[in-house]
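Down below is the structure, laid out as structure tokens.
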Amino acid sequence: MMIGEVSAKSGLPIHTLRYYEKIGLVPKPSRDAGGRRYYDPEILDWLTFISRLKDLGMPIRDRVRFARLRSEGEQTVGERRELLEIYRTGLAQKIAELTETLEVLDYKIANYDEIGRKKTA
């Protein structure tokens, strides 16, 4: 896939893809005879994964570290797992906090619905 197609399918701007390549977040693509980048289709799965890492709050330095460890092969599986576990724990805590907040909001909404029904009765 050419960079424009990767951009269209991933939703990431071309300049972001070039930046990710420059900092080592994505592997360097092969180039065609004209020097244009050519990406393997699997890059889309990787871009989805690193976007999810960004969404959960992983800073770019840790995403780059994870990408570097991934490129080093299976001997880094333990380090990659540890890094993911750190962020998983934080995400689980955030989900628990958001769940509590949702419960409070649901209670308040139900309470206001009840007040509204009493006024119309």
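Chain labels A, B, ... are given in the sequence in which chains occur in the structure tokens; within each chain residues are numbered consecutively from 1, and ligands are likewise numbered from 1 in the order shown.
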
DSSP alpha helix (DSSP H) residues within chain A, as a PyMOL selection string = chain A and resi 3-10+14-23+43-55+60-71+77-120

ask   = What's the 10 Å shell around region 32-48 of chain A, counting only C-alpha atoms, without same-chain residues fewer than 3 positions away, as a PyMOL selection string?
value = chain A and resi 1-7+9-12+17-18+20+25-29+51-54+67

query = What is the distance between CA of Arg68 (chain A) and CA of Arg31 (chain A), in Å to one decimal?
reply = 21.2 Å

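Using only C-alpha atoms, the smallest distance between any of A:Gly90, A:Gly116, A:Pro13, A:Gly78 and Phe66 (chain A) comes from A:Gly78.
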